[in-house]
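Chemist: Below is the file final_21.cif, which contains mmCIF, C-alpha atoms and all ligand atoms.
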```
data_model
loop_
_atom_site.group_PDB
_atom_site.id
_atom_site.type_symbol
_atom_site.label_atom_id
_atom_site.label_comp_id
_atom_site.auth_asym_id
_atom_site.auth_seq_id
_atom_site.Cartn_x
_atom_site.Cartn_y
_atom_site.Cartn_z
ATOM 1 C CA MET A 1 57.154 55.341 29.625
ATOM 2 C CA VAL A 2 53.778 54.363 31.084
ATOM 3 C CA THR A 3 53.269 55.929 34.486
ATOM 4 C CA LEU A 4 51.344 54.295 37.315
ATOM 5 C CA GLY A 5 48.855 57.157 37.088
ATOM 6 C CA ALA A 6 48.104 56.385 33.430
ATOM 7 C CA VAL A 7 47.603 52.685 34.223
ATOM 8 C CA LEU A 8 45.178 53.501 37.039
ATOM 9 C CA LEU A 9 43.309 55.969 34.823
ATOM 10 C CA PHE A 10 42.916 53.312 32.125
ATOM 11 C CA ALA A 11 41.802 50.669 34.628
ATOM 12 C CA GLY A 12 39.196 53.111 35.912
ATOM 13 C CA THR A 13 37.261 53.268 32.622
ATOM 14 C CA ALA A 14 35.494 49.897 33.096
ATOM 15 C CA SER A 15 33.276 49.294 36.125
ATOM 16 C CA ALA A 16 33.721 46.298 38.382
ATOM 17 C CA GLY A 17 32.310 43.037 37.086
ATOM 18 C CA GLU A 18 32.319 44.068 33.417
ATOM 19 C CA PRO A 19 34.987 42.962 30.950
ATOM 20 C CA ALA A 20 37.267 45.845 29.968
ATOM 21 C CA ASP A 21 36.233 45.521 26.313
ATOM 22 C CA ALA A 22 32.475 45.710 27.023
ATOM 23 C CA CYS A 23 30.671 48.387 25.003
ATOM 24 C CA GLN A 24 30.318 51.031 27.707
ATOM 25 C CA PRO A 25 28.132 53.331 25.525
ATOM 26 C CA CYS A 26 25.796 50.338 25.001
ATOM 27 C CA LEU A 27 25.522 49.730 28.757
ATOM 28 C CA ALA A 28 24.900 53.459 29.280
ATOM 29 C CA PHE A 29 22.149 53.453 26.634
ATOM 30 C CA ASP A 30 20.531 50.418 28.286
ATOM 31 C CA ARG A 31 20.426 52.237 31.648
ATOM 32 C CA LEU A 32 18.893 55.342 30.029
ATOM 33 C CA ASP A 33 16.326 53.292 28.074
ATOM 34 C CA LYS A 34 15.113 51.705 31.319
ATOM 35 C CA GLN A 35 14.878 55.096 33.069
ATOM 36 C CA ILE A 36 12.766 56.405 30.167
ATOM 37 C CA ARG A 37 10.695 53.196 30.023
ATOM 38 C CA ASP A 38 9.866 53.500 33.709
ATOM 39 C CA GLY A 39 9.116 57.244 33.609
ATOM 40 C CA ARG A 40 11.969 58.137 35.948
ATOM 41 C CA LEU A 41 13.273 61.171 33.996
ATOM 42 C CA PRO A 42 11.743 64.531 33.008
ATOM 43 C CA LYS A 43 11.240 64.506 29.222
ATOM 44 C CA ALA A 44 13.605 67.397 28.470
ATOM 45 C CA GLU A 45 16.375 65.677 30.411
ATOM 46 C CA ALA A 46 15.588 62.338 28.718
ATOM 47 C CA ARG A 47 15.813 63.957 25.258
ATOM 48 C CA ARG A 48 19.148 65.582 26.041
ATOM 49 C CA LEU A 49 20.635 62.357 27.425
ATOM 50 C CA PHE A 50 19.259 60.298 24.517
ATOM 51 C CA ALA A 51 21.047 62.494 21.940
ATOM 52 C CA ALA A 52 24.264 62.272 23.991
ATOM 53 C CA ARG A 53 24.070 58.468 24.274
ATOM 54 C CA ILE A 54 23.512 58.080 20.496
ATOM 55 C CA ALA A 55 26.505 60.366 19.834
ATOM 56 C CA ASP A 56 28.605 58.221 22.206
ATOM 57 C CA LEU A 57 27.503 55.067 20.353
ATOM 58 C CA ASP A 58 28.449 56.592 16.987
ATOM 59 C CA THR A 59 31.878 57.562 18.335
ATOM 60 C CA TYR A 60 32.439 54.066 19.751
ATOM 61 C CA LEU A 61 31.351 52.355 16.529
ATOM 62 C CA ALA A 62 33.461 54.678 14.366
ATOM 63 C CA ARG A 63 36.572 53.490 16.252
ATOM 64 C CA GLY A 64 36.624 50.150 14.440
ATOM 65 C CA ASN A 65 33.908 48.586 16.598
ATOM 66 C CA ALA A 66 31.191 48.713 13.948
ATOM 67 C CA PRO A 67 29.352 45.537 12.895
ATOM 68 C CA ALA A 68 29.631 44.292 9.343
ATOM 69 C CA ARG A 69 27.822 46.636 6.985
ATOM 70 C CA SER A 70 24.327 45.518 6.059
ATOM 71 C CA SER A 71 23.813 44.167 2.565
ATOM 72 C CA GLY A 72 21.155 46.789 2.015
ATOM 73 C CA ARG A 73 18.514 44.086 1.915
ATOM 74 C CA TRP A 74 16.879 43.125 5.169
ATOM 75 C CA VAL A 75 16.336 39.634 6.540
ATOM 76 C CA PHE A 76 12.787 38.738 7.586
ATOM 77 C CA PRO A 77 12.874 38.551 11.422
ATOM 78 C CA LEU A 78 11.085 35.190 11.839
ATOM 79 C CA ARG A 79 13.055 32.175 10.632
ATOM 80 C CA GLY A 80 10.871 29.860 8.550
ATOM 81 C CA TYR A 81 8.256 32.567 7.908
ATOM 82 C CA SER A 82 7.595 35.079 5.138
ATOM 83 C CA ILE A 83 5.576 38.291 5.246
ATOM 84 C CA ALA A 84 2.689 36.437 3.560
ATOM 85 C CA MET A 85 2.612 33.839 6.347
ATOM 86 C CA ALA A 86 3.264 36.062 9.370
ATOM 87 C CA GLY A 87 2.114 39.523 8.498
ATOM 88 C CA ALA A 88 -0.463 39.639 5.734
ATOM 89 C CA ASP A 89 -2.457 42.204 7.769
ATOM 90 C CA ALA A 90 0.483 43.753 9.614
ATOM 91 C CA ALA A 91 0.571 46.900 7.472
ATOM 92 C CA LYS A 92 -2.819 47.916 8.914
ATOM 93 C CA GLY A 93 -1.381 47.834 12.443
ATOM 94 C CA TYR A 94 1.136 50.628 11.841
ATOM 95 C CA VAL A 95 -0.005 53.822 13.636
ATOM 96 C CA ALA A 96 2.743 56.417 14.136
ATOM 97 C CA ALA A 97 0.391 59.161 15.402
ATOM 98 C CA GLY A 98 0.481 59.609 19.163
ATOM 99 C CA TYR A 99 3.759 57.746 19.623
ATOM 100 C CA ASP A 100 6.617 59.277 21.590
ATOM 101 C CA TYR A 101 9.572 57.108 22.635
ATOM 102 C CA PHE A 102 9.983 59.377 25.667
ATOM 103 C CA ASP A 103 6.558 58.309 27.005
ATOM 104 C CA GLY A 104 8.207 54.969 27.847
ATOM 105 C CA ASN A 105 5.969 52.098 28.910
ATOM 106 C CA ARG A 106 2.913 54.414 28.735
ATOM 107 C CA HIS A 107 3.392 55.407 25.091
ATOM 108 C CA GLY A 108 0.499 55.828 22.635
ATOM 109 C CA GLY A 109 0.233 54.804 18.981
ATOM 110 C CA HIS A 110 1.649 51.592 17.525
ATOM 111 C CA PRO A 111 4.423 52.502 15.046
ATOM 112 C CA SER A 112 5.004 48.789 14.727
ATOM 113 C CA PHE A 113 4.271 45.546 12.949
ATOM 114 C CA ASP A 114 2.909 42.453 14.688
ATOM 115 C CA LEU A 115 4.200 39.285 12.994
ATOM 116 C CA PHE A 116 2.301 36.150 13.954
ATOM 117 C CA ILE A 117 3.415 32.538 14.244
ATOM 118 C CA VAL A 118 1.162 29.461 13.916
ATOM 119 C CA ASP A 119 0.274 28.797 17.579
ATOM 120 C CA ARG A 120 -3.402 27.982 18.098
ATOM 121 C CA ASN A 121 -2.932 26.615 21.632
ATOM 122 C CA ARG A 122 -0.902 29.701 22.732
ATOM 123 C CA ASP A 123 2.081 27.742 24.074
ATOM 124 C CA SER A 124 4.648 29.862 22.132
ATOM 125 C CA LEU A 125 5.657 26.812 20.064
ATOM 126 C CA ASP A 126 5.157 26.507 16.313
ATOM 127 C CA ASP A 127 2.168 24.175 15.771
ATOM 128 C CA ARG A 128 3.909 22.864 12.646
ATOM 129 C CA GLY A 129 6.726 21.158 14.582
ATOM 130 C CA GLY A 130 6.407 21.910 18.265
ATOM 131 C CA GLN A 131 9.575 24.024 18.364
ATOM 132 C CA PRO A 132 10.140 27.686 19.298
ATOM 133 C CA VAL A 133 10.410 30.109 16.360
ATOM 134 C CA THR A 134 13.777 31.861 16.079
ATOM 135 C CA VAL A 135 13.865 35.664 15.828
ATOM 136 C CA VAL A 136 16.770 36.846 13.652
ATOM 137 C CA SER A 137 18.176 40.359 13.324
ATOM 138 C CA MET A 138 16.886 42.173 10.238
ATOM 139 C CA THR A 139 20.071 44.237 9.872
ATOM 140 C CA GLY A 140 23.639 44.417 11.107
ATOM 141 C CA GLY A 141 23.944 46.206 14.427
ATOM 142 C CA ILE A 142 24.824 46.171 18.091
ATOM 143 C CA VAL A 143 22.562 45.323 21.034
ATOM 144 C CA VAL A 144 22.034 48.545 23.019
ATOM 145 C CA ALA A 145 19.224 47.558 25.400
ATOM 146 C CA ALA A 146 17.681 44.325 26.646
ATOM 147 C CA GLU A 147 15.151 43.169 29.229
ATOM 148 C CA PRO A 148 15.749 39.456 29.858
ATOM 149 C CA ALA A 149 13.430 39.217 32.889
ATOM 150 C CA TRP A 150 9.638 39.201 32.850
ATOM 151 C CA ASP A 151 6.857 37.469 34.777
ATOM 152 C CA GLU A 152 3.064 37.532 34.565
ATOM 153 C CA HIS A 153 2.822 40.098 37.394
ATOM 154 C CA SER A 154 4.828 42.665 35.426
ATOM 155 C CA ALA A 155 3.087 45.694 33.873
ATOM 156 C CA LEU A 156 5.836 45.910 31.235
ATOM 157 C CA ARG A 157 4.221 45.958 27.798
ATOM 158 C CA GLY A 158 7.274 44.823 25.824
ATOM 159 C CA GLY A 159 8.023 41.837 28.031
ATOM 160 C CA LYS A 160 11.431 40.407 27.203
ATOM 161 C CA TYR A 161 12.715 42.782 24.526
ATOM 162 C CA LEU A 162 15.801 43.906 22.623
ATOM 163 C CA TRP A 163 16.793 47.256 21.128
ATOM 164 C CA ILE A 164 19.392 46.920 18.351
ATOM 165 C CA TYR A 165 21.208 49.936 16.872
ATOM 166 C CA ASP A 166 22.047 49.862 13.155
ATOM 167 C CA PRO A 167 24.750 52.538 12.766
ATOM 168 C CA VAL A 168 24.735 52.407 8.958
ATOM 169 C CA ASP A 169 21.185 53.708 8.635
ATOM 170 C CA HIS A 170 20.939 55.248 12.139
ATOM 171 C CA LEU A 171 18.036 53.018 13.123
ATOM 172 C CA LEU A 172 16.889 51.556 16.418
ATOM 173 C CA LEU A 173 15.015 48.272 16.012
ATOM 174 C CA TYR A 174 12.816 46.977 18.840
ATOM 175 C CA TYR A 175 11.978 43.262 19.070
ATOM 176 C CA ALA A 176 9.390 42.598 21.820
ATOM 177 C CA HIS A 177 7.329 39.841 23.531
ATOM 178 C CA ASN A 178 10.126 37.263 23.266
ATOM 179 C CA ARG A 179 10.240 33.910 25.039
ATOM 180 C CA ASP A 180 14.049 33.921 25.486
ATOM 181 C CA LEU A 181 16.794 36.352 24.506
ATOM 182 C CA LEU A 182 19.864 34.856 22.799
ATOM 183 C CA VAL A 183 22.106 37.972 22.854
ATOM 184 C CA LYS A 184 23.275 40.496 25.449
ATOM 185 C CA VAL A 185 23.840 44.262 25.525
ATOM 186 C CA GLY A 186 27.073 45.116 23.682
ATOM 187 C CA GLU A 187 26.993 42.142 21.274
ATOM 188 C CA ARG A 188 27.627 42.885 17.614
ATOM 189 C CA ILE A 189 25.373 41.049 15.198
ATOM 190 C CA GLU A 190 24.820 40.662 11.486
ATOM 191 C CA ALA A 191 21.639 40.476 9.455
ATOM 192 C CA GLY A 192 20.272 36.964 10.058
ATOM 193 C CA THR A 193 21.946 36.415 13.461
ATOM 194 C CA PRO A 194 19.576 34.570 15.877
ATOM 195 C CA ILE A 195 18.708 37.027 18.678
ATOM 196 C CA ALA A 196 15.649 35.561 20.465
ATOM 197 C CA THR A 197 12.729 33.144 20.289
ATOM 198 C CA VAL A 198 9.137 34.277 19.752
ATOM 199 C CA GLY A 199 7.100 34.374 22.953
ATOM 200 C CA ARG A 200 4.146 35.842 24.805
ATOM 201 C CA SER A 201 5.933 38.079 27.332
ATOM 202 C CA GLY A 202 4.359 41.485 27.950
ATOM 203 C CA PHE A 203 1.268 42.843 29.741
ATOM 204 C CA ASN A 204 -1.139 42.389 26.795
ATOM 205 C CA ALA A 205 0.828 39.804 24.803
ATOM 206 C CA ALA A 206 0.501 37.286 27.656
ATOM 207 C CA LYS A 207 -3.331 37.432 27.636
ATOM 208 C CA GLN A 208 -5.121 34.437 26.150
ATOM 209 C CA ARG A 209 -6.892 36.608 23.546
ATOM 210 C CA SER A 210 -3.532 37.697 22.069
ATOM 211 C CA PRO A 211 -2.173 35.518 19.226
ATOM 212 C CA THR A 212 1.545 34.755 19.640
ATOM 213 C CA HIS A 213 3.618 37.325 17.751
ATOM 214 C CA LEU A 214 6.804 39.355 17.417
ATOM 215 C CA HIS A 215 6.243 43.104 17.867
ATOM 216 C CA LEU A 216 8.707 45.023 15.684
ATOM 217 C CA THR A 217 9.317 48.783 15.818
ATOM 218 C CA VAL A 218 11.847 50.758 13.763
ATOM 219 C CA LEU A 219 12.913 54.274 14.811
ATOM 220 C CA ARG A 220 15.273 56.582 12.909
ATOM 221 C CA VAL A 221 17.666 58.508 15.173
ATOM 222 C CA GLY A 222 19.830 60.350 12.636
ATOM 223 C CA ASN A 223 19.305 63.755 14.263
ATOM 224 C CA GLY A 224 19.512 62.472 17.845
ATOM 225 C CA ARG A 225 15.708 62.272 18.052
ATOM 226 C CA PRO A 226 13.865 58.940 17.652
ATOM 227 C CA GLU A 227 11.206 59.079 14.896
ATOM 228 C CA PRO A 228 9.065 56.096 13.788
ATOM 229 C CA VAL A 229 9.786 54.642 10.340
ATOM 230 C CA ASP A 230 7.242 52.748 8.262
ATOM 231 C CA ALA A 231 9.357 49.637 7.657
ATOM 232 C CA TRP A 232 6.701 47.860 5.582
ATOM 233 C CA PRO A 233 8.631 48.047 2.267
ATOM 234 C CA TRP A 234 11.717 46.572 3.976
ATOM 235 C CA LEU A 235 9.681 43.784 5.571
ATOM 236 C CA ALA A 236 7.890 42.989 2.326
ATOM 237 C CA GLY A 237 11.195 42.832 0.397
ATOM 238 C CA ALA A 238 13.169 41.009 3.074
ATOM 239 C CA ILE A 239 15.203 37.841 2.518
ATOM 240 C CA VAL A 240 13.416 34.811 4.016
ATOM 241 C CA LEU A 241 15.503 32.300 6.003
ATOM 242 C CA ASP A 242 14.476 28.620 6.233
HETATM 243 ZN ZN ZN B 301 2.434 45.197 18.559
#
```
Mind turning the file's structure into structure tokens?
Modeler:
Amino acid sequence: MVTLGAVLLFAGTASAGEPADACQPCLAFDRLDKQIRDGRLPKAEARRLFAARIADLDTYLARGNAPARSSGRWVFPLRGYSIAMAGADAAKGYVAAGYDYFDGNRHGGHPSFDLFIVDRNRDSLDDRGGQPVTVVSMTGGIVVAAEPAWDEHSALRGGKYLWIYDPVDHLLLYYAHNRDLLVKVGERIEAGTPIATVGRSGFNAAKQRSPTHLHLTVLRVGNGRPEPVDAWPWLAGAIVLD
């Protein structure tokens, strides 16, 4: 017999306005990521909450909510581009020293790869056809944070960005400076799923001197602490989509 109390308890697990099957641990991670980004939490508290949110995500994904397992080979994140076209010099841009995820928008270092599209007139469109360039997910995962809003008065460095959690390898992948986001927090995606279009959003990325690019960061979170990963070998060996 299901009692009224049990029904009310169940109904109380989703907040108003969200579908009952929304990934609540994803929404919770998104809220925490924005608090850390904006420097609204003491670091010790942020570290404790981060480990708890990752544990909640792992529990949620272990209950049959996990995305399809990655093939083991990554997909290059710019459709129609290879590493030779977009990132011949990108390996030089990877600087893990000085980076701390918990520094948020004020972080140092650049544990990241900048992958450039052909856009001489800086209009975010591919000069070879006048169309936006599609960003695809490199791995299977679930969207755990997103910033769909940005304007030129914002001090946000990442602009319109996505954080995607790959539970197989315990990685967080950050795709920044997008023009438009094509997925929302809580969506499960596979390697090769379109997630955004390349843009110029972000405090520095929007400046005329900045060539149009995708900024990609990979962090490993296996122990509950985010540590930068040099993803160059995965990028260099990635499957290229037309
Ligand atoms: Zn960058």
Chemist: Determine the residue membership of the PyMOL selection byres (((chain A and resi 53) around 10) and not hetatm) for the file above and supply it as an mmCIF file with C-alpha atoms, in the coordinates of the input.
Modeler:
```
data_model
loop_
_atom_site.group_PDB
_atom_site.id
_atom_site.type_symbol
_atom_site.label_atom_id
_atom_site.label_comp_id
_atom_site.auth_asym_id
_atom_site.auth_seq_id
_atom_site.Cartn_x
_atom_site.Cartn_y
_atom_site.Cartn_z
ATOM 1 C CA PRO A 25 28.132 53.331 25.525
ATOM 2 C CA CYS A 26 25.796 50.338 25.001
ATOM 3 C CA LEU A 27 25.522 49.730 28.757
ATOM 4 C CA ALA A 28 24.900 53.459 29.280
ATOM 5 C CA PHE A 29 22.149 53.453 26.634
ATOM 6 C CA ASP A 30 20.531 50.418 28.286
ATOM 7 C CA LEU A 32 18.893 55.342 30.029
ATOM 8 C CA ARG A 47 15.813 63.957 25.258
ATOM 9 C CA ARG A 48 19.148 65.582 26.041
ATOM 10 C CA LEU A 49 20.635 62.357 27.425
ATOM 11 C CA PHE A 50 19.259 60.298 24.517
ATOM 12 C CA ALA A 51 21.047 62.494 21.940
ATOM 13 C CA ALA A 52 24.264 62.272 23.991
ATOM 14 C CA ILE A 54 23.512 58.080 20.496
ATOM 15 C CA ALA A 55 26.505 60.366 19.834
ATOM 16 C CA ASP A 56 28.605 58.221 22.206
ATOM 17 C CA LEU A 57 27.503 55.067 20.353
ATOM 18 C CA ASP A 58 28.449 56.592 16.987
ATOM 19 C CA THR A 59 31.878 57.562 18.335
ATOM 20 C CA GLY A 224 19.512 62.472 17.845
#
```
Chemist: Set out as CSV a contact list for chain A and ligand ZN 301 (chain B) with a cut-off of 6 Å, giving each residue of chain A that qualifies its closest atom pair and distance in Å to one decimal, counting only C-alpha atoms and all ligand atoms, ordered by chain and rising residue number.
Modeler:
```
residue,atom,partner,partner_atom,distance
A:Ser112,CA,B:ZN301,ZN,5.8
A:Phe113,CA,B:ZN301,ZN,5.9
A:Asp114,CA,B:ZN301,ZN,4.8
A:His215,CA,B:ZN301,ZN,4.4
```
Chemist: Quick one: distance from CA of Gly64 (chain A) to CA of Leu182 (chain A) in Å, one decimal?
Modeler: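 Rounded to one decimal, the two atoms are 24.2 Å apart.
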Chemist: Which residues fall under the PyMOL selection byres (((chain A and resi 142-159) around 9) and not hetatm) in this file, as JSON, numbers by chain?
Modeler: {"A": [23, 25, 26, 27, 28, 29, 30, 31, 33, 34, 37, 38, 57, 66, 67, 105, 106, 140, 141, 160, 161, 162, 163, 164, 165, 166, 167, 172, 175, 176, 177, 178, 179, 180, 181, 183, 184, 185, 186, 187, 188, 189, 190, 200, 201, 202, 203, 204, 205, 206, 215]}
Chemist: Those residues you just picked out, can you put them in a file as a PDB file, in the coordinates of the input with C-alpha atoms?
Modeler:
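Final output, selection-v3.pdb:
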```pdb
ATOM      1  CA  CYS A  23      30.671  48.387  25.003  1.00  0.00           C
ATOM      2  CA  PRO A  25      28.132  53.331  25.525  1.00  0.00           C
ATOM      3  CA  CYS A  26      25.796  50.338  25.001  1.00  0.00           C
ATOM      4  CA  LEU A  27      25.522  49.730  28.757  1.00  0.00           C
ATOM      5  CA  ALA A  28      24.900  53.459  29.280  1.00  0.00           C
ATOM      6  CA  PHE A  29      22.149  53.453  26.634  1.00  0.00           C
ATOM      7  CA  ASP A  30      20.531  50.418  28.286  1.00  0.00           C
ATOM      8  CA  ARG A  31      20.426  52.237  31.648  1.00  0.00           C
ATOM      9  CA  ASP A  33      16.326  53.292  28.074  1.00  0.00           C
ATOM     10  CA  LYS A  34      15.113  51.705  31.319  1.00  0.00           C
ATOM     11  CA  ARG A  37      10.695  53.196  30.023  1.00  0.00           C
ATOM     12  CA  ASP A  38       9.866  53.500  33.709  1.00  0.00           C
ATOM     13  CA  LEU A  57      27.503  55.067  20.353  1.00  0.00           C
ATOM     14  CA  ALA A  66      31.191  48.713  13.948  1.00  0.00           C
ATOM     15  CA  PRO A  67      29.352  45.537  12.895  1.00  0.00           C
ATOM     16  CA  ASN A 105       5.969  52.098  28.910  1.00  0.00           C
ATOM     17  CA  ARG A 106       2.913  54.414  28.735  1.00  0.00           C
ATOM     18  CA  GLY A 140      23.639  44.417  11.107  1.00  0.00           C
ATOM     19  CA  GLY A 141      23.944  46.206  14.427  1.00  0.00           C
ATOM     20  CA  LYS A 160      11.431  40.407  27.203  1.00  0.00           C
ATOM     21  CA  TYR A 161      12.715  42.782  24.526  1.00  0.00           C
ATOM     22  CA  LEU A 162      15.801  43.906  22.623  1.00  0.00           C
ATOM     23  CA  TRP A 163      16.793  47.256  21.128  1.00  0.00           C
ATOM     24  CA  ILE A 164      19.392  46.920  18.351  1.00  0.00           C
ATOM     25  CA  TYR A 165      21.208  49.936  16.872  1.00  0.00           C
ATOM     26  CA  ASP A 166      22.047  49.862  13.155  1.00  0.00           C
ATOM     27  CA  PRO A 167      24.750  52.538  12.766  1.00  0.00           C
ATOM     28  CA  LEU A 172      16.889  51.556  16.418  1.00  0.00           C
ATOM     29  CA  TYR A 175      11.978  43.262  19.070  1.00  0.00           C
ATOM     30  CA  ALA A 176       9.390  42.598  21.820  1.00  0.00           C
ATOM     31  CA  HIS A 177       7.329  39.841  23.531  1.00  0.00           C
ATOM     32  CA  ASN A 178      10.126  37.263  23.266  1.00  0.00           C
ATOM     33  CA  ARG A 179      10.240  33.910  25.039  1.00  0.00           C
ATOM     34  CA  ASP A 180      14.049  33.921  25.486  1.00  0.00           C
ATOM     35  CA  LEU A 181      16.794  36.352  24.506  1.00  0.00           C
ATOM     36  CA  VAL A 183      22.106  37.972  22.854  1.00  0.00           C
ATOM     37  CA  LYS A 184      23.275  40.496  25.449  1.00  0.00           C
ATOM     38  CA  VAL A 185      23.840  44.262  25.525  1.00  0.00           C
ATOM     39  CA  GLY A 186      27.073  45.116  23.682  1.00  0.00           C
ATOM     40  CA  GLU A 187      26.993  42.142  21.274  1.00  0.00           C
ATOM     41  CA  ARG A 188      27.627  42.885  17.614  1.00  0.00           C
ATOM     42  CA  ILE A 189      25.373  41.049  15.198  1.00  0.00           C
ATOM     43  CA  GLU A 190      24.820  40.662  11.486  1.00  0.00           C
ATOM     44  CA  ARG A 200       4.146  35.842  24.805  1.00  0.00           C
ATOM     45  CA  SER A 201       5.933  38.079  27.332  1.00  0.00           C
ATOM     46  CA  GLY A 202       4.359  41.485  27.950  1.00  0.00           C
ATOM     47  CA  PHE A 203       1.268  42.843  29.741  1.00  0.00           C
ATOM     48  CA  ASN A 204      -1.139  42.389  26.795  1.00  0.00           C
ATOM     49  CA  ALA A 205       0.828  39.804  24.803  1.00  0.00           C
ATOM     50  CA  ALA A 206       0.501  37.286  27.656  1.00  0.00           C
ATOM     51  CA  HIS A 215       6.243  43.104  17.867  1.00  0.00           C
TER      52      HIS A 215
END
```
Chemist: Just to confirm, what's the straight-line distance from CA of Thr193 (chain A) to CA of Ala238 (chain A) in Å (one decimal)?
Modeler: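 These two atoms are separated by 14.4 Å.
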Chemist: Have a look at CA of Leu216 (chain A) and CA of Asn121 (chain A) and let me know their distance in Å, one decimal.
Modeler: 22.6 Å
Chemist: Quick one: 6 Å padding each side, axis-aligned, all listed atoms of region 194-213 of chain A - centre and edge lengths in Å to one decimal, as AutoDock Vina command-line options?
Modeler:
```
--center_x 6.3 --center_y 38.0 --center_z 22.8 --size_x 38.5 --size_y 21.7 --size_z 25.9
```
Chemist: Could you tell me which of A:Gly222, A:Asn65, A:Tyr174, A:Val240 comes closest to Met85 (chain A) if we count only C-alpha atoms?
Modeler: A:Val240
Chemist: Written as a list in words, what is the full residue list that the PyMOL selection byres (((chain A and resi 103) around 12) and not hetatm) yields on the file shown?
Modeler: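 Taken over the shown coordinates, the PyMOL selection byres (((chain A and resi 103) around 12) and not hetatm) returns Asp33, Lys34, Gln35, Ile36, Arg37, Asp38, Gly39, Arg40, Leu41, Pro42, Lys43, Ala44, Ala46, Arg47, Gly98, Tyr99, Asp100, Tyr101, Phe102, Gly104, Asn105, Arg106, His107, Gly108, Gly109 and Pro226 of chain A.
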Chemist: What would the file look like if the residues just selected were written as a PDB file, keeping the file's coordinate frame with C-alpha atoms?
Modeler:
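Ended up saving to part25.pdb:
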```
ATOM      1  CA  ASP A  33      16.326  53.292  28.074  1.00  0.00           C
ATOM      2  CA  LYS A  34      15.113  51.705  31.319  1.00  0.00           C
ATOM      3  CA  GLN A  35      14.878  55.096  33.069  1.00  0.00           C
ATOM      4  CA  ILE A  36      12.766  56.405  30.167  1.00  0.00           C
ATOM      5  CA  ARG A  37      10.695  53.196  30.023  1.00  0.00           C
ATOM      6  CA  ASP A  38       9.866  53.500  33.709  1.00  0.00           C
ATOM      7  CA  GLY A  39       9.116  57.244  33.609  1.00  0.00           C
ATOM      8  CA  ARG A  40      11.969  58.137  35.948  1.00  0.00           C
ATOM      9  CA  LEU A  41      13.273  61.171  33.996  1.00  0.00           C
ATOM     10  CA  PRO A  42      11.743  64.531  33.008  1.00  0.00           C
ATOM     11  CA  LYS A  43      11.240  64.506  29.222  1.00  0.00           C
ATOM     12  CA  ALA A  44      13.605  67.397  28.470  1.00  0.00           C
ATOM     13  CA  ALA A  46      15.588  62.338  28.718  1.00  0.00           C
ATOM     14  CA  ARG A  47      15.813  63.957  25.258  1.00  0.00           C
ATOM     15  CA  GLY A  98       0.481  59.609  19.163  1.00  0.00           C
ATOM     16  CA  TYR A  99       3.759  57.746  19.623  1.00  0.00           C
ATOM     17  CA  ASP A 100       6.617  59.277  21.590  1.00  0.00           C
ATOM     18  CA  TYR A 101       9.572  57.108  22.635  1.00  0.00           C
ATOM     19  CA  PHE A 102       9.983  59.377  25.667  1.00  0.00           C
ATOM     20  CA  GLY A 104       8.207  54.969  27.847  1.00  0.00           C
ATOM     21  CA  ASN A 105       5.969  52.098  28.910  1.00  0.00           C
ATOM     22  CA  ARG A 106       2.913  54.414  28.735  1.00  0.00           C
ATOM     23  CA  HIS A 107       3.392  55.407  25.091  1.00  0.00           C
ATOM     24  CA  GLY A 108       0.499  55.828  22.635  1.00  0.00           C
ATOM     25  CA  GLY A 109       0.233  54.804  18.981  1.00  0.00           C
ATOM     26  CA  PRO A 226      13.865  58.940  17.652  1.00  0.00           C
TER      27      PRO A 226
END
```
Chemist: With only C-alpha atoms as the basis for distance, which of A:Met138, A:Val168, A:Ala84, A:Ile117 is at the shortest distance from Ser210 (chain A)?
Modeler: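 Between A:Met138, A:Val168, A:Ala84, A:Ile117, the residue approaching Ser210 (chain A) most closely is A:Ile117.
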Chemist: Could you tell me which of A:Ala90, A:Ile83, A:Ala96, A:Val118 comes closest to Val218 (chain A) if we count all atoms listed in the file?
Modeler: A:Ala96
Chemist: With a cut-off of 8 Å, could you pull out the residues of region 5-123 of chain A touching region 227-234 of chain A and give me the nearest pair of atoms for each, distance in Å to one decimal, using only C-alpha atoms, ordered by chain and ascending number, as JSON lines?
Modeler:
```
{"residue": "A:Arg73", "atom": "CA", "partner": "A:Trp234", "partner_atom": "CA", "distance": 7.5}
{"residue": "A:Trp74", "atom": "CA", "partner": "A:Trp234", "partner_atom": "CA", "distance": 6.3}
{"residue": "A:Ala91", "atom": "CA", "partner": "A:Trp232", "partner_atom": "CA", "distance": 6.5}
{"residue": "A:Tyr94", "atom": "CA", "partner": "A:Asp230", "partner_atom": "CA", "distance": 7.4}
{"residue": "A:Ala96", "atom": "CA", "partner": "A:Pro228", "partner_atom": "CA", "distance": 6.3}
{"residue": "A:Pro111", "atom": "CA", "partner": "A:Pro228", "partner_atom": "CA", "distance": 6.0}
{"residue": "A:Ser112", "atom": "CA", "partner": "A:Asp230", "partner_atom": "CA", "distance": 7.9}
```
Chemist: Name the residues in contact with Asp242 (chain A) at a cut-off of 8 Å, using all atoms listed in the file, excluding same-chain residues fewer than 2 positions from it; report them as a PyMOL selection string.
Modeler: chain A and resi 79-81+240
Chemist: Could you tell me which of A:Ala62, A:Ala97, A:Ile239, A:Asp119 comes closest to Ser137 (chain A) if we count all atoms listed in the file?
Modeler: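 The answer is A:Ile239, which sits nearest to Ser137 (chain A).
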Chemist: Which residue is closest to Tyr60 (chain A)? Choose from A:Ile195, A:Ala22, A:Leu115, A:Leu125 and count all atoms listed in the file.
Modeler: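 Between A:Ile195, A:Ala22, A:Leu115, A:Leu125, the residue approaching Tyr60 (chain A) most closely is A:Ala22.
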Chemist: Between A:Ala88, A:Pro77, A:Asp123, A:Ser82, which is the closest to Lys207 (chain A) once you count all atoms listed in the file?
Modeler: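 Smallest separation from Lys207 (chain A) among the options: A:Asp123.
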